[in-house]
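So this one's work_15.csv, CSV, C-alpha atoms and all ligand atoms:
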```
chain,number,residue,atom,x,y,z
A,3,MET,CA,-58.4,-16.3,35.6
A,4,ALA,CA,-58.6,-18.2,38.9
A,5,ASN,CA,-56.2,-21.2,39.4
A,6,THR,CA,-57.7,-24.7,39.1
A,7,ALA,CA,-56.4,-25.9,42.5
A,8,ALA,CA,-58.6,-23.3,44.2
A,9,LEU,CA,-61.6,-24.3,42.2
A,10,ASP,CA,-61.1,-28.0,43.1
A,11,GLY,CA,-61.0,-26.9,46.7
A,12,ILE,CA,-64.4,-25.1,46.4
A,13,ASN,CA,-65.9,-28.2,44.7
A,14,GLY,CA,-64.6,-30.4,47.4
A,15,LEU,CA,-66.7,-28.4,49.9
A,16,ARG,CA,-69.9,-29.0,47.9
A,17,ASP,CA,-70.5,-32.4,49.5
A,18,ILE,CA,-70.7,-31.0,53.0
A,19,ARG,CA,-72.6,-27.9,52.1
A,20,ARG,CA,-76.1,-27.5,53.5
A,21,SER,CA,-78.7,-25.1,52.2
A,22,PRO,CA,-80.2,-22.6,54.7
A,23,ALA,CA,-83.5,-24.4,55.1
A,24,SER,CA,-82.2,-28.0,54.7
A,25,HIS,CA,-83.1,-28.8,58.3
A,26,LEU,CA,-86.7,-28.0,57.4
A,27,ALA,CA,-86.9,-30.4,54.5
A,28,ALA,CA,-88.8,-33.1,56.4
A,29,ALA,CA,-91.1,-30.6,57.9
A,30,MET,CA,-91.8,-29.1,54.4
A,31,ASP,CA,-92.6,-32.6,53.1
A,32,ALA,CA,-94.9,-33.2,56.0
A,33,GLY,CA,-96.5,-29.8,55.8
A,34,SER,CA,-97.2,-29.8,52.1
A,35,ILE,CA,-100.7,-30.8,51.0
A,36,GLN,CA,-100.5,-32.2,47.5
A,37,GLY,CA,-103.0,-30.6,45.2
A,38,THR,CA,-103.5,-27.7,47.6
A,39,VAL,CA,-100.3,-26.0,48.6
A,40,VAL,CA,-96.7,-27.4,48.4
A,41,LEU,CA,-93.5,-25.8,49.8
A,42,LYS,CA,-90.0,-26.8,48.7
A,43,GLU,CA,-86.6,-25.2,49.0
A,44,GLY,CA,-84.9,-24.7,45.7
A,45,LEU,CA,-81.3,-25.5,46.3
A,46,PHE,CA,-78.1,-23.5,45.7
A,47,GLN,CA,-78.9,-21.2,42.8
A,48,THR,CA,-76.2,-19.0,41.3
A,49,MET,CA,-76.9,-15.4,42.1
A,50,ALA,CA,-75.1,-12.2,41.2
A,51,GLY,CA,-75.9,-8.7,42.5
A,52,VAL,CA,-75.4,-6.2,39.7
A,53,ARG,CA,-75.4,-2.4,40.1
A,54,VAL,CA,-75.2,-0.6,36.8
A,55,ASP,CA,-76.9,2.2,35.1
A,56,PRO,CA,-79.1,0.3,32.6
A,57,ARG,CA,-79.0,3.2,30.1
A,58,SER,CA,-75.2,3.3,30.0
A,59,GLU,CA,-72.9,1.5,27.6
A,60,GLU,CA,-71.8,-0.9,30.4
A,61,GLY,CA,-75.5,-1.4,31.1
A,62,SER,CA,-76.0,-2.6,27.6
A,63,ARG,CA,-72.9,-4.9,27.9
A,64,ILE,CA,-74.4,-6.5,31.0
A,65,ALA,CA,-77.8,-6.8,29.4
A,66,ALA,CA,-76.2,-8.6,26.5
A,67,VAL,CA,-74.8,-11.2,29.0
A,68,THR,CA,-78.1,-11.7,30.9
A,69,GLY,CA,-80.5,-11.4,28.0
A,70,GLY,CA,-81.8,-8.0,29.0
A,71,LEU,CA,-82.3,-6.0,32.1
A,72,PRO,CA,-85.8,-5.3,33.5
A,73,ALA,CA,-86.8,-1.7,33.0
A,74,ARG,CA,-89.0,-1.0,36.0
A,75,CYS,CA,-90.4,-2.4,39.3
A,76,GLY,CA,-92.1,-5.7,38.8
A,77,ASP,CA,-90.4,-6.5,35.5
A,78,VAL,CA,-88.2,-9.6,35.1
A,79,GLY,CA,-85.6,-9.9,32.4
A,80,GLY,CA,-83.3,-12.6,31.1
A,81,THR,CA,-83.7,-15.8,29.2
A,82,ASP,CA,-85.0,-19.3,30.0
A,83,ARG,CA,-81.7,-20.0,31.8
A,84,VAL,CA,-81.1,-16.7,33.5
A,85,THR,CA,-83.6,-14.6,35.4
A,86,VAL,CA,-82.9,-10.9,36.2
A,87,LEU,CA,-84.9,-9.4,39.0
A,88,TRP,CA,-85.4,-5.7,39.4
A,89,LEU,CA,-84.3,-4.5,42.8
A,90,GLY,CA,-83.9,-0.8,42.1
A,91,PRO,CA,-83.5,1.6,39.2
A,92,SER,CA,-79.8,0.6,38.9
A,93,GLU,CA,-79.7,-2.6,41.0
A,94,PHE,CA,-80.5,-6.1,39.8
A,95,LEU,CA,-80.3,-9.7,41.0
A,96,VAL,CA,-79.3,-12.2,38.4
A,97,VAL,CA,-80.4,-15.8,39.2
A,98,ALA,CA,-79.4,-18.9,37.3
A,99,PRO,CA,-79.1,-22.6,38.0
A,100,GLU,CA,-76.2,-23.8,40.1
A,101,GLU,CA,-74.3,-25.1,37.1
A,102,ALA,CA,-74.0,-21.5,35.8
A,103,HIS,CA,-71.5,-20.8,38.6
A,104,ASP,CA,-67.9,-20.4,37.4
A,105,SER,CA,-66.6,-23.0,40.0
A,106,LEU,CA,-68.8,-25.6,38.3
A,107,GLY,CA,-67.8,-25.0,34.7
A,108,GLY,CA,-70.2,-22.2,34.0
A,109,ASP,CA,-69.2,-18.6,33.3
A,110,LEU,CA,-72.0,-16.4,34.6
A,111,ILE,CA,-70.1,-14.4,37.2
A,112,GLY,CA,-67.0,-14.1,35.1
A,113,SER,CA,-68.8,-12.9,32.1
A,114,LEU,CA,-70.7,-10.4,34.1
A,115,VAL,CA,-67.5,-9.1,35.6
A,116,ALA,CA,-65.9,-8.9,32.2
A,117,ALA,CA,-69.0,-7.1,30.8
A,118,LEU,CA,-68.8,-4.4,33.5
A,119,GLY,CA,-65.0,-4.0,33.0
A,120,ASP,CA,-63.7,-0.8,34.6
A,121,ALA,CA,-67.0,1.0,34.2
A,122,PRO,CA,-68.8,2.4,37.3
A,123,GLY,CA,-70.9,-0.3,38.9
A,124,GLN,CA,-70.5,-3.6,40.6
A,125,VAL,CA,-70.9,-7.3,40.1
A,126,VAL,CA,-70.9,-9.4,43.3
A,127,ASP,CA,-71.3,-13.2,43.6
A,128,LEU,CA,-74.3,-13.5,46.0
A,129,SER,CA,-75.0,-17.1,45.5
A,130,ALA,CA,-75.0,-17.8,49.3
A,131,ASN,CA,-76.8,-14.7,50.2
A,132,ARG,CA,-80.4,-15.8,49.6
A,133,THR,CA,-82.1,-19.1,49.4
A,134,THR,CA,-85.2,-20.0,47.3
A,135,PHE,CA,-88.6,-21.2,48.5
A,136,GLU,CA,-90.9,-22.6,45.9
A,137,LEU,CA,-94.5,-22.3,46.9
A,138,SER,CA,-97.2,-23.7,44.6
A,139,GLY,CA,-100.7,-24.9,44.5
A,140,PRO,CA,-104.2,-23.4,44.3
A,141,ARG,CA,-103.9,-22.1,47.9
A,142,ALA,CA,-100.4,-20.6,47.5
A,143,ARG,CA,-101.8,-17.1,47.1
A,144,ALA,CA,-104.0,-17.5,50.2
A,145,VAL,CA,-100.9,-18.5,52.2
A,146,LEU,CA,-98.9,-15.5,51.0
A,147,GLU,CA,-101.7,-13.1,51.6
A,148,LYS,CA,-101.6,-13.8,55.3
A,149,GLY,CA,-98.3,-11.9,55.5
A,150,CYS,CA,-97.9,-9.8,52.4
A,151,ALA,CA,-99.6,-6.5,52.0
A,152,LEU,CA,-99.3,-6.4,48.2
A,153,ASP,CA,-102.3,-7.0,46.0
A,154,LEU,CA,-101.5,-10.6,44.9
A,155,HIS,CA,-104.7,-11.0,42.9
A,156,PRO,CA,-103.8,-12.1,39.3
A,157,ARG,CA,-105.3,-8.9,37.8
A,158,SER,CA,-102.6,-7.0,39.6
A,159,PHE,CA,-99.7,-9.4,40.2
A,160,THR,CA,-99.3,-11.2,36.9
A,161,THR,CA,-97.3,-14.3,36.1
A,162,GLY,CA,-93.7,-13.4,35.4
A,163,ALA,CA,-93.6,-10.4,37.7
A,164,ALA,CA,-91.3,-10.1,40.7
A,165,LEU,CA,-91.4,-7.6,43.5
A,166,SER,CA,-89.3,-6.7,46.5
A,167,THR,CA,-91.5,-6.7,49.5
A,168,GLU,CA,-92.1,-8.3,52.9
A,169,VAL,CA,-93.6,-11.7,53.5
A,170,GLY,CA,-94.3,-12.5,57.2
A,171,ASN,CA,-92.3,-9.3,58.0
A,172,ILE,CA,-89.2,-10.7,56.3
A,173,PRO,CA,-87.8,-8.7,53.4
A,174,VAL,CA,-87.9,-10.9,50.3
A,175,VAL,CA,-88.1,-10.8,46.5
A,176,LEU,CA,-91.4,-12.5,45.5
A,177,GLN,CA,-91.5,-13.8,42.0
A,178,LYS,CA,-94.7,-15.2,40.4
A,179,THR,CA,-93.4,-18.1,38.1
A,180,GLY,CA,-96.8,-19.5,37.1
A,181,GLU,CA,-100.6,-19.1,37.7
A,182,GLU,CA,-100.3,-20.8,41.0
A,183,SER,CA,-96.5,-20.9,41.7
A,184,TYR,CA,-94.2,-18.5,43.5
A,185,ARG,CA,-90.6,-18.2,44.2
A,186,ILE,CA,-89.6,-16.5,47.4
A,187,PHE,CA,-86.1,-15.2,47.9
A,188,PRO,CA,-85.3,-14.5,51.6
A,189,ARG,CA,-81.8,-13.9,52.9
A,190,ALA,CA,-80.2,-17.1,54.3
A,191,SER,CA,-80.5,-16.0,57.9
A,192,PHE,CA,-84.2,-15.6,57.5
A,193,ALA,CA,-84.8,-19.0,55.9
A,194,GLU,CA,-85.5,-20.7,59.2
A,195,PHE,CA,-88.1,-18.2,60.3
A,196,LEU,CA,-89.8,-17.7,57.0
A,197,GLY,CA,-89.8,-21.5,56.3
A,198,ARG,CA,-91.6,-22.1,59.6
A,199,TRP,CA,-93.9,-19.1,59.1
A,200,LEU,CA,-95.0,-20.5,55.7
A,201,LEU,CA,-95.5,-24.0,57.2
A,202,ASP,CA,-97.7,-22.4,59.9
A,203,ALA,CA,-99.6,-20.4,57.3
A,204,MET,CA,-100.2,-23.6,55.2
A,205,ARG,CA,-101.5,-25.7,58.1
A,206,GLU,CA,-105.1,-24.8,58.0
A,207,PHE,CA,-105.4,-26.0,54.4
A,208,ALA,CA,-104.6,-29.6,55.6
A,209,SER,CA,-108.0,-29.7,57.3
A,210,PRO,CA,-111.3,-30.0,55.5
A,211,GLU,CA,-112.7,-26.6,54.6
A,212,VAL,CA,-115.3,-25.4,57.0
A,213,PRO,CA,-118.2,-24.2,55.0
B,16,MET,CA,-100.8,2.3,58.6
B,17,LEU,CA,-99.9,4.7,55.9
B,18,LEU,CA,-99.8,3.7,52.3
B,19,ILE,CA,-96.8,5.5,50.8
B,20,SER,CA,-96.5,6.0,47.1
B,21,CYS,CA,-92.8,5.2,46.2
B,22,PRO,CA,-91.9,7.0,42.9
B,23,ASN,CA,-90.3,3.7,41.7
B,24,CYS,CA,-92.6,1.0,43.1
B,25,GLY,CA,-96.1,2.5,43.6
B,26,SER,CA,-98.1,2.2,46.8
B,27,ARG,CA,-96.6,0.2,49.5
B,28,ASP,CA,-97.1,-0.3,53.2
B,29,GLU,CA,-95.4,2.2,55.6
B,30,THR,CA,-93.5,-0.8,57.1
B,31,GLU,CA,-91.4,-1.0,54.0
B,32,PHE,CA,-90.0,2.5,54.5
B,33,HIS,CA,-87.7,4.3,56.8
B,34,TYR,CA,-88.0,7.9,57.8
B,35,GLY,CA,-85.2,10.2,57.0
B,36,GLY,CA,-86.1,13.4,58.8
B,37,GLN,CA,-86.5,16.9,57.5
B,38,ALA,CA,-85.8,17.4,53.8
B,39,HIS,CA,-83.9,20.4,52.2
B,40,VAL,CA,-81.3,20.7,55.0
B,41,ALA,CA,-78.4,21.9,52.9
B,42,TYR,CA,-75.0,20.7,53.8
B,43,PRO,CA,-72.8,23.8,54.6
B,44,GLU,CA,-70.8,24.9,51.7
B,45,ASN,CA,-67.7,25.5,53.9
B,46,PRO,CA,-68.1,23.3,57.0
B,47,ASN,CA,-64.7,24.4,58.2
B,48,GLU,CA,-65.9,28.0,58.6
B,49,LEU,CA,-68.7,27.1,60.9
B,50,ASN,CA,-68.4,27.6,64.6
B,51,ASP,CA,-69.6,25.0,67.0
B,52,LYS,CA,-73.0,26.5,67.4
B,53,GLU,CA,-73.6,26.8,63.7
B,54,TRP,CA,-72.4,23.2,63.2
B,55,ALA,CA,-74.7,22.0,66.0
B,56,HIS,CA,-77.6,23.8,64.3
B,57,PHE,CA,-76.9,22.1,61.1
B,58,LEU,CA,-76.6,18.7,62.7
B,59,PHE,CA,-79.3,18.7,65.3
B,60,TYR,CA,-81.8,21.5,64.9
B,61,ARG,CA,-84.9,20.7,62.8
B,62,GLU,CA,-88.3,22.3,62.3
B,63,ASN,CA,-91.1,21.0,64.5
B,64,THR,CA,-93.8,21.8,62.1
B,65,LYS,CA,-97.5,21.5,62.8
B,66,GLY,CA,-99.0,21.0,59.4
B,67,ILE,CA,-97.3,20.5,56.0
B,68,PHE,CA,-93.8,19.2,56.5
B,69,ALA,CA,-91.2,18.3,53.8
B,70,GLU,CA,-89.4,15.1,54.8
B,71,ARG,CA,-87.1,12.4,53.4
B,72,TRP,CA,-88.1,8.8,53.1
B,73,LEU,CA,-86.2,5.6,52.1
B,74,HIS,CA,-88.0,2.7,50.5
B,75,SER,CA,-85.7,0.3,52.4
B,76,THR,CA,-87.3,-3.1,51.7
B,77,GLY,CA,-88.2,-2.1,48.1
B,78,CYS,CA,-86.0,-0.2,45.6
B,79,ARG,CA,-83.7,1.2,48.4
B,80,GLN,CA,-84.1,4.7,46.9
B,81,TRP,CA,-84.6,8.0,48.8
B,82,PHE,CA,-87.4,10.4,47.9
B,83,ASN,CA,-89.0,13.5,49.4
B,84,MET,CA,-92.5,13.8,50.7
B,85,LEU,CA,-94.8,16.6,51.8
B,86,ARG,CA,-96.9,15.3,54.7
B,87,ASP,CA,-99.3,16.9,57.0
B,88,THR,CA,-98.0,16.2,60.5
B,89,VAL,CA,-101.5,16.6,62.0
B,90,THR,CA,-103.6,14.5,59.6
B,91,TYR,CA,-100.8,12.4,58.1
B,92,ASP,CA,-102.2,13.4,54.7
B,93,ILE,CA,-99.5,12.9,52.1
B,94,LYS,CA,-99.6,15.9,49.8
B,95,ALA,CA,-96.9,15.2,47.4
B,96,VAL,CA,-94.0,12.8,46.6
B,97,TYR,CA,-91.1,14.2,44.7
B,98,PRO,CA,-87.5,13.2,43.8
B,99,MET,CA,-84.5,14.1,45.9
B,100,GLY,CA,-82.7,17.2,44.6
B,101,THR,CA,-85.9,18.9,43.4
B,102,PRO,CA,-87.3,22.0,45.1
B,103,ARG,CA,-90.2,21.6,47.5
B,104,PRO,CA,-93.5,21.8,45.6
B,105,ASP,CA,-95.8,24.6,46.6
B,106,ALA,CA,-98.1,23.1,49.3
B,107,ALA,CA,-101.5,24.5,49.9
B,108,GLY,CA,-100.6,28.0,48.9
B,109,LYS,CA,-97.6,28.2,51.1
B,110,SER,CA,-94.7,29.5,49.1
B,111,THR,CA,-91.3,28.4,50.1
B,112,ALA,CA,-88.0,29.1,48.4
B,113,GLU,CA,-85.4,26.7,49.8
B,114,THR,CA,-82.1,26.4,48.1
B,115,GLY,CA,-80.2,23.2,47.9
B,116,THR,CA,-80.9,19.8,49.5
B,117,ALA,CA,-79.2,17.5,51.8
B,118,SER,CA,-79.4,14.7,49.2
B,119,LEU,CA,-76.2,12.8,48.6
B,120,ALA,CA,-78.0,10.0,46.7
B,121,ALA,CA,-77.3,11.0,43.2
B,122,ASP,CA,-79.1,8.1,41.5
B,123,SER,CA,-82.2,8.5,43.6
B,124,THR,CA,-83.3,11.1,41.0
B,125,THR,CA,-83.4,8.5,38.3
B,126,THR,CA,-87.1,8.2,38.7
B,127,GLY,CA,-90.1,9.8,37.2
B,128,THR,CA,-90.4,7.5,34.2
B,129,ALA,CA,-93.3,5.2,33.8
B,130,ALA,CA,-95.3,4.1,36.8
B,131,PRO,CA,-94.8,0.5,37.8
B,132,SER,CA,-97.1,-2.0,36.3
B,133,ILE,CA,-98.6,-3.2,39.5
B,134,SER,CA,-100.5,-0.5,41.3
B,135,GLY,CA,-100.6,2.9,42.9
B,136,THR,CA,-100.0,6.4,41.9
B,137,SER,CA,-96.8,8.1,40.8
B,138,ILE,CA,-95.2,11.4,41.6
B,139,ALA,CA,-97.7,14.2,41.9
B,140,PRO,CA,-97.0,17.2,39.9
B,141,ALA,CA,-96.7,20.3,42.0
B,142,ALA,CA,-100.0,21.7,40.6
B,143,THR,CA,-102.1,18.8,42.0
B,144,PRO,CA,-100.5,18.0,45.3
B,145,ALA,CA,-103.5,16.2,46.6
B,146,SER,CA,-103.4,13.4,44.1
B,147,THR,CA,-101.1,11.2,46.1
B,148,THR,CA,-103.3,11.4,49.1
B,149,ALA,CA,-103.0,8.0,50.7
B,150,PRO,CA,-106.3,6.3,51.3
B,151,LYS,CA,-106.4,6.1,55.0
B,152,GLY,CA,-106.8,2.7,56.4
B,153,ALA,CA,-106.7,1.1,53.0
B,154,THR,CA,-104.2,-1.6,53.9
B,155,LYS,CA,-105.1,-4.9,55.3
C,1,ZN,ZN,-89.5,1.9,45.9
```
Written as structure tokens, that's how I'd like the structure from this file.
Ligand SMILES: [Zn+2]
Amino acid sequence: MANTAALDGINGLRDIRRSPASHLAAAMDAGSIQGTVVLKEGLFQTMAGVRVDPRSEEGSRIAAVTGGLPARCGDVGGTDRVTVLWLGPSEFLVVAPEEAHDSLGGDLIGSLVAALGDAPGQVVDLSANRTTFELSGPRARAVLEKGCALDLHPRSFTTGAALSTEVGNIPVVLQKTGEESYRIFPRASFAEFLGRWLLDAMREFASPEVP
Amino acid sequence: MLLISCPNCGSRDETEFHYGGQAHVAYPENPNELNDKEWAHFLFYRENTKGIFAERWLHSTGCRQWFNMLRDTVTYDIKAVYPMGTPRPDAAGKSTAETGTASLAADSTTTGTAAPSISGTSIAPAATPASTTAPKGATK
């Protein structure tokens, strides 16, 4: 496939690479309130944008690679290594740990491309497109509710669901990974704004609650 | 703020959507045969309806799919939400027989399956157009 010299070149760049919200790392540490609400940036995940008709043959081939495609809005597919988020009826975002990237010895992008073949659709390496915020703690939902119009109550937004929506007016994919933990996927250029917006929304929880 | 019922995603805030203008404006079958005036009419002339209006909407920060909507331009009451490429549902006894649509988004019709698990209503069948009425002021 690709020549190894080029891959070495890519890997040489890893040391000087910075994540979109890396400059907020200290602020996120300082702004997190352990046991209440904690914000972290998840670094450099491998992401692939997939457009394919899930009912087609090529759709089944892609689903075989990812461990299934989500059927409708809110659903999440995949395995414990690979997460597939529903973006539209024929559009998906495949998220995996960094090591899954082909330049690091993985085969995620390559196997998706191979699965699609010449069939109509697309597989695009979007690893640098979005960053990941991890927001967790008993007040995480209260923080999100300040800037998200969706019903985030657990009776409606259940663990394991993911929705494209807006948080603090920024278009994101919002995934609920646990009872009190969320992953927020903004595009890289919005990481600064959304990171600071979340920190501001978290601030009141550092003070003692006013009865 | 309107609550708009996306056929794919359920009820969402109006801010997640973009307006696409009048629906059912058919692309001319032979554009080359149109004179300038007819072409200008196709491009720029739209109804300015007071009352029930068929219009296109795009769920831009959600599923990125187009759909059609019947909306009352006076009360903002949403009468029906229906897929691109389907004829305008009969609205409040007003019978219309448009042919063709301006839809170029082929896969935007791949809707109408199950409602999303989270919330909201789905496409209203033509017989009960009032069922997608947005609860006014229901958003936060
Ligand atoms: Zn939608």
(request) Work out how far atom CA of Leu87 of chain A is from atom CA of Val125 of chain A, in Å to one decimal. (result) 14.2 Å
(request) Select, from A:Gly170, A:Pro56, A:Gly70, A:Gly90, the residue with the minimum atom-to-atom distance to ligand ZN 1 (chain C), counting all atoms listed in the file. (result) A:Gly90
(message) I need the chain A residues near chain B as a PyMOL selection string; criterion: at most 9 Å, counting only C-alpha atoms.
(response) chain A and resi 55+74-77+88-93+151-153+157-160+163+165-168+171+173-175
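When atom CA of Gly107 of chain A is paired with atom CA of Val84 of chain A, their separation reads 15.7 Å.
When all atoms listed in the file are used to compute distances to His103 of chain A, the closest of the residues A:Ile18, A:Ile64, A:Thr48, A:Leu196 turns out to be A:Thr48.
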(message) Every residue with an atom at most 9 Å from (-69.6, -1.8, 27.5) (file coordinates; all atoms listed in the file) is what I'm after, so could you write them as a ChimeraX atom specification?
(response) /A:58-64,117-119,121
